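> Below is the structure I would like to discuss, written out as structure tokens.
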Amino acid sequence: MTTTDRGSLMVVAVLGGTGKEGSGLAMRWALGGYQVIIGSRDAQRAADRAAEMNKQLGGDYLVGKENPAAAAEADIVVLSVPYSAHKSTLESVKDLLQGKILVDITVPLKPPKVRRVHVPEGKAAALEAQTLVGDGVRVVAAFQNVSYEQLNKPEHKIDCDVLICGDDPAAREEVIKMAQAAGMRGIHAGPLDNAVAIEALTPVLLFINHKYSIAASGIRITGVQ
Ligand SMILES: NC(=O)c1ccc[n+]([C@@H]2O[C@H](COP(=O)([O-])OP(=O)(O)OC[C@H]3O[C@@H](n4cnc5c(N)ncnc54)[C@H](OP(=O)(O)O)[C@@H]3O)[C@@H](O)[C@H]2O)c1
């Protein structure tokens, strides 16, 4: 199926979708019924990566474009770049995000100490994103606690939940659907301010991975049916 055939479906652009985390999510969303565009700083890299993923999936599911072109065509834009590239990437697409949902999956790690919580100046990457893009964009924070190791084989069943924060409940609900489409349970976790806690959980998980010599710990919320 081509993206043209999938014309009536929700379009998701994954900026930095050439990388580890974004590509795993992108493949799962493509299989889960979204029209997915891989975004990159380089159009050729995006196209090559999309072709590799299509080969892995056995069909014409994804296309690749430069980040601004991908953002322009999408209904929902996912930001999947290292924290060091967070601000510059957002600045390059800011105007194209207006009226849309931005899903920020960034963890503000401070290499090399990635197993230690680093609270950025704006308290959370997602809060910094909201300030940068303005009120015309509904920012939702999600997927920070899901390792790429869980995502990169779409047939692998993922054993963890996704905490989802955002000030707009309808936008959060859209991202709950995206978590489900990627094979996980999404949990409403409150306003965007709560992204501080969710982003800070990832270095804790990275510490646990290291201490117990495992690839990918995750979180589960008990008591929610
Ligand atoms: N890896 C995980 O398990 C994991 C888990 C949860 C959350 N996250 C978060 O997800 C985000 C992406 O993680 P990742 O592991 O996928 O990262 P990554 O593979 O290192 O990078 C993702 C993409 O970001 C772009 N990029 C890299 N450096 C850049 C720069 N200086 N300026 C602009 N773009 C740049 C690259 O795309 P192009 O070169 O094609 O532009 C790259 O393919 C991070 O914020 C991370 O904290 C990761």
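Each chain in the structure tokens gets a letter, A, B and so on, in the order shown; residues start at 1 in every chain, and ligands are counted from 1 in the order they appear.
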Using the chain letters and numbers from this document, which residues of range 1-91 of chain A does DSSP assign to strand (DSSP E), as a list in words?

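Of range 1-91 of chain A, only Val11, Val12, Ala13, Val14, Leu15, Gln35, Val36, Ile37, Ile38, Gly39, Ser40, Leu62, Val63, Gly64, Lys65, Glu66, Ile76, Val77, Val78 and Leu79 of chain A fall in strand (DSSP E).
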
> Please dump the current selection as a PDB file, in the first residue's frame; keep C-alpha atoms.


```pdb
ATOM      1  CA  VAL A  11      -0.759  11.419   8.866  1.00  0.00           C
ATOM      2  CA  VAL A  12       2.072  11.194  11.407  1.00  0.00           C
ATOM      3  CA  ALA A  13       5.497  12.746  10.758  1.00  0.00           C
ATOM      4  CA  VAL A  14       8.377  11.460  12.879  1.00  0.00           C
ATOM      5  CA  LEU A  15      11.113  14.113  12.901  1.00  0.00           C
ATOM      6  CA  GLN A  35       0.194   7.129   7.231  1.00  0.00           C
ATOM      7  CA  VAL A  36       3.767   7.720   8.401  1.00  0.00           C
ATOM      8  CA  ILE A  37       6.429  10.094   7.072  1.00  0.00           C
ATOM      9  CA  ILE A  38      10.026   9.702   8.233  1.00  0.00           C
ATOM     10  CA  GLY A  39      11.615  13.111   8.767  1.00  0.00           C
ATOM     11  CA  SER A  40      15.316  13.909   8.629  1.00  0.00           C
ATOM     12  CA  LEU A  62       6.510   4.647   4.814  1.00  0.00           C
ATOM     13  CA  VAL A  63       7.956   7.572   2.893  1.00  0.00           C
ATOM     14  CA  GLY A  64      10.862   9.842   3.846  1.00  0.00           C
ATOM     15  CA  LYS A  65      11.176  13.620   3.575  1.00  0.00           C
ATOM     16  CA  GLU A  66      13.113  16.518   5.012  1.00  0.00           C
ATOM     17  CA  ILE A  76       0.454  14.860  14.201  1.00  0.00           C
ATOM     18  CA  VAL A  77       4.181  15.577  14.448  1.00  0.00           C
ATOM     19  CA  VAL A  78       6.440  13.454  16.656  1.00  0.00           C
ATOM     20  CA  LEU A  79       9.774  14.900  17.759  1.00  0.00           C
TER      21      LEU A  79
END
```

> Env of range 191-199 of chain A: 7 Å cut, atoms = only C-alpha atoms, seq-sep filter 2 positions within chain, self excluded. Answer as a ChimeraX atom specification.

/A:107,123-124,126-127,140-141,144,165-167,201-202

> Would you mind reading off the distance between atom 45 (O, counted along the ligand's line) of ligand 1 and CA of Arg138 in chain A, one decimal, in Å?

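Interatomic distance here is 18.4 Å.
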
> Residues within 8 Å of ligand 1 (only C-alpha atoms and all ligand atoms), as number ranges by chain?

A: 15-23, 39-42, 45-46, 67, 79-86, 88-89, 105-109, 143-149, 202

> When you draw a straight line from CA of Gln98 in chain A to CA of Asp135 in chain A, how long is it in Å?

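It comes out at 8.5 Å.
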
> Here is a test: counting only C-alpha atoms, which residue of A:Val114, A:Leu90, A:Ile219, A:Met53 is nearest to Arg28 in chain A?

A:Met53

> Please give the complete set of residues from range 52-211 of chain A that DSSP, run on the backbone, assigns to alpha helix (DSSP H), formatted as JSON, numbers by chain.

{"A": [52, 53, 54, 55, 56, 57, 67, 68, 69, 70, 71, 72, 73, 86, 87, 88, 89, 90, 91, 92, 93, 125, 126, 127, 128, 129, 130, 131, 132, 133, 148, 149, 150, 151, 169, 170, 171, 172, 173, 174, 175, 176, 177, 178, 179, 180, 181, 195, 196, 197, 198, 199, 200, 201, 202, 203, 204, 205, 206, 207, 208, 209, 210, 211]}

> How far is it from CA of Cys160 in chain A to CA of Lys113 in chain A, in Å with one decimal?

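If I compute the distance from CA of Cys160 in chain A to CA of Lys113 in chain A, I get 24.5 Å.
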
> Using only C-alpha atoms, which residues sit within 9 Å of Val175 in chain A once same-chain residues fewer than 2 positions away are excluded, as a ChimeraX atom specification?

/A:103,140,142,164,170-173,177-180,186

> For Ile221 in chain A, list every protein, DNA or RNA residue within 12 Å, evaluated using only C-alpha atoms, and leave out those in the same chain fewer than 3 positions away; present the list as a list in words.

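Result of the neighbour search: Asp159, Cys160, Asp161, Val162, Leu163, Arg185, Gly186, Ile187, His188, Ala189, Gly218, Val224 and Gln225 of chain A.
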
> Identify which of the residues A:Val137, A:Asn209, A:Ala200, A:Met184 lies closest to Asp95 in chain A, counting only C-alpha atoms when measuring atom-to-atom distances.

A:Val137

> List as a list in words the protein and nucleic acid residues near Val204 in chain A, meaning an atom at most 8 Å away when only C-alpha atoms are counted, but skip any in the same chain fewer than 3 places from it.

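Everything that qualifies: Arg115, Arg116, Val117, Ala200, Leu201, Phe207 and Ile208 of chain A.
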
> Would you write out those residues with N, CA and C atoms, as a compact mmCIF listing (two decimals), in the first residue's frame?


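Output saved as again-v3.txt:
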```txt
# COMPACT_ATOMS: atom_id res chain seq x y z
N ARG A 115 22.59 8.05 33.28
CA ARG A 115 21.84 7.32 34.31
C ARG A 115 21.54 8.22 35.51
N ARG A 116 21.67 9.51 35.31
CA ARG A 116 21.42 10.50 36.36
C ARG A 116 20.42 11.52 35.82
N VAL A 117 19.40 11.85 36.63
CA VAL A 117 18.38 12.79 36.17
C VAL A 117 19.01 14.16 35.91
N ALA A 200 12.03 12.40 33.78
CA ALA A 200 13.05 12.07 34.78
C ALA A 200 13.09 10.57 35.10
N LEU A 201 12.04 9.85 34.74
CA LEU A 201 12.04 8.39 34.99
C LEU A 201 13.02 7.64 34.10
N PHE A 207 19.54 3.36 34.63
CA PHE A 207 20.34 2.87 35.77
C PHE A 207 19.98 1.41 36.06
N ILE A 208 18.67 1.13 36.09
CA ILE A 208 18.20 -0.24 36.37
C ILE A 208 18.72 -1.20 35.30
```

> Check the smallest atom-to-atom distance from each of A:Ala70, A:Leu151, A:Leu9, A:Ala216 to Ala182 in chain A using only C-alpha atoms, then report the winner.

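Going through A:Ala70, A:Leu151, A:Leu9, A:Ala216 one by one, the smallest distance to Ala182 in chain A is for A:Leu151.
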